[in-house]
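Just below is one structure, and these are the notes that go with it.
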Amino acid sequence: MKENKLSELSMDFSIDIINLVKYLKSNHESIVSNQIGRSGTSIGANIHEAQYAQGRKDFISKLEIALKEASETGYWLELLYKTNYIDEQLYKTISAKCTSLRVMLIASCRTAKENSNCK
């Protein structure tokens, strides 16, 4: 059930990121929009891929990649906010979802490692 919630949240987040990229491109911002588009949608792709992992180590690896991508996405969100491409409300809304994903990914990685002794 936890993975299902993680998958749902990551899909919702990816939709937010795609809509953000559309907005940024309509305002002629292409450098950061390309970066955040890749990292933000990669989170969900790696979570989805983890569901079909070839073993516990592969599963953990995919979740850790998703975590790194979530961290990178948080950076791009902050940069967009600090350079006035997005307003405070949009920043807080999307950033909160990104933080929730990171928290869930950290917990999932920790649990998977504990259950497999792959520390």
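Residues are named by chain letter and number: chains run A, B, ... in the order of the structure tokens, numbers start at 1 in each chain, and ligands are numbered from 1 in the order shown.
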message: List the spatial neighbours of Leu6 in chain A as JSON, numbers by chain - criterion: any atom at most 8 Å away, only C-alpha atoms, same-chain residues fewer than 6 positions off excluded.
response: {"A": [47, 101, 104, 105]}
Take the residues that were just selected and, keeping N, CA and C atoms, output them as a PDB file, in the first residue's frame.
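Output contents, as saved in out.pdb:
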ATOM      1  N   ILE A  47      10.309   5.379  -9.580  1.00  0.00           N
ATOM      2  CA  ILE A  47       9.434   4.683  -8.631  1.00  0.00           C
ATOM      3  C   ILE A  47       8.662   3.589  -9.360  1.00  0.00           C
ATOM      4  N   LEU A 101       7.466  13.574  -1.149  1.00  0.00           N
ATOM      5  CA  LEU A 101       8.069  12.481  -1.901  1.00  0.00           C
ATOM      6  C   LEU A 101       9.415  12.089  -1.306  1.00  0.00           C
ATOM      7  N   MET A 104       8.900  10.142   1.947  1.00  0.00           N
ATOM      8  CA  MET A 104       8.418   8.788   1.689  1.00  0.00           C
ATOM      9  C   MET A 104       9.505   7.915   1.073  1.00  0.00           C
ATOM     10  N   LEU A 105      10.305   8.496   0.187  1.00  0.00           N
ATOM     11  CA  LEU A 105      11.392   7.733  -0.429  1.00  0.00           C
ATOM     12  C   LEU A 105      12.462   7.354   0.583  1.00  0.00           C
TER      13      LEU A 105
END
message: Excluding Lys113 in chain A and its own-chain neighbours fewer than 5 positions away, which residues fall within 12 Å of it when counting only C-alpha atoms? Please give them as a list of chain:residue names.
response: A:Arg56, A:Lys57, A:Asp58, A:Phe59, A:Ile60, A:Ser61, A:Leu63, A:Glu64, A:Ile106, A:Ala107, A:Ser108, A:Cys118, A:Lys119
Coordinates-based distance that separates CA of Ile86 in chain A from CA of Leu24 in chain A (Å, one decimal):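 Computing the Euclidean distance for CA of Leu24 in chain A and CA of Ile86 in chain A yields 8.5 Å.
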task: Enter the distance from CA of Lys25 in chain A to CA of Glu49 in chain A, in Å, rounded to one decimal.
output: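 Result for CA of Lys25 in chain A versus CA of Glu49 in chain A: 28.3 Å, one decimal.
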message: Just want the 7 Å neighbourhood of range 14-19 of chain A, counted on only C-alpha atoms, with same-chain residues fewer than 5 positions away dropped. Output as an MDAnalysis selection string.
response: chainID A and resid 37 40:41 44
field: Straight-line distance linking CA of Leu90 in chain A with CA of Glu78 in chain A, stated in Å to one decimal
entry: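 We find that CA of Leu90 in chain A and CA of Glu78 in chain A lie 10.9 Å from each other.
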task: Quick one: everything within 12 Å of Arg38 in chain A, counting only C-alpha atoms, minus sequence neighbours fewer than 3 positions away in the same chain. Send it as a ChimeraX atom specification.
output: /A:14,17-18,21,31-35,41-46,66,69-70,72-73,76
statement: Closest of A:Leu9, A:Ala112, A:Cys98, A:Leu20 to Lys68 in chain A, counting only C-alpha atoms, is A:Cys98
Helix (DSSP H, G or I) call set, DSSP backbone run, chain A, as a ChimeraX atom specification: /A:2-26,31-50,56-82,88-116
field: Selected residue of minimal separation from Glu29 in chain A among A:Gln89, A:Asn84, A:Lys62, A:Thr99, counting only C-alpha atoms
entry: A:Asn84
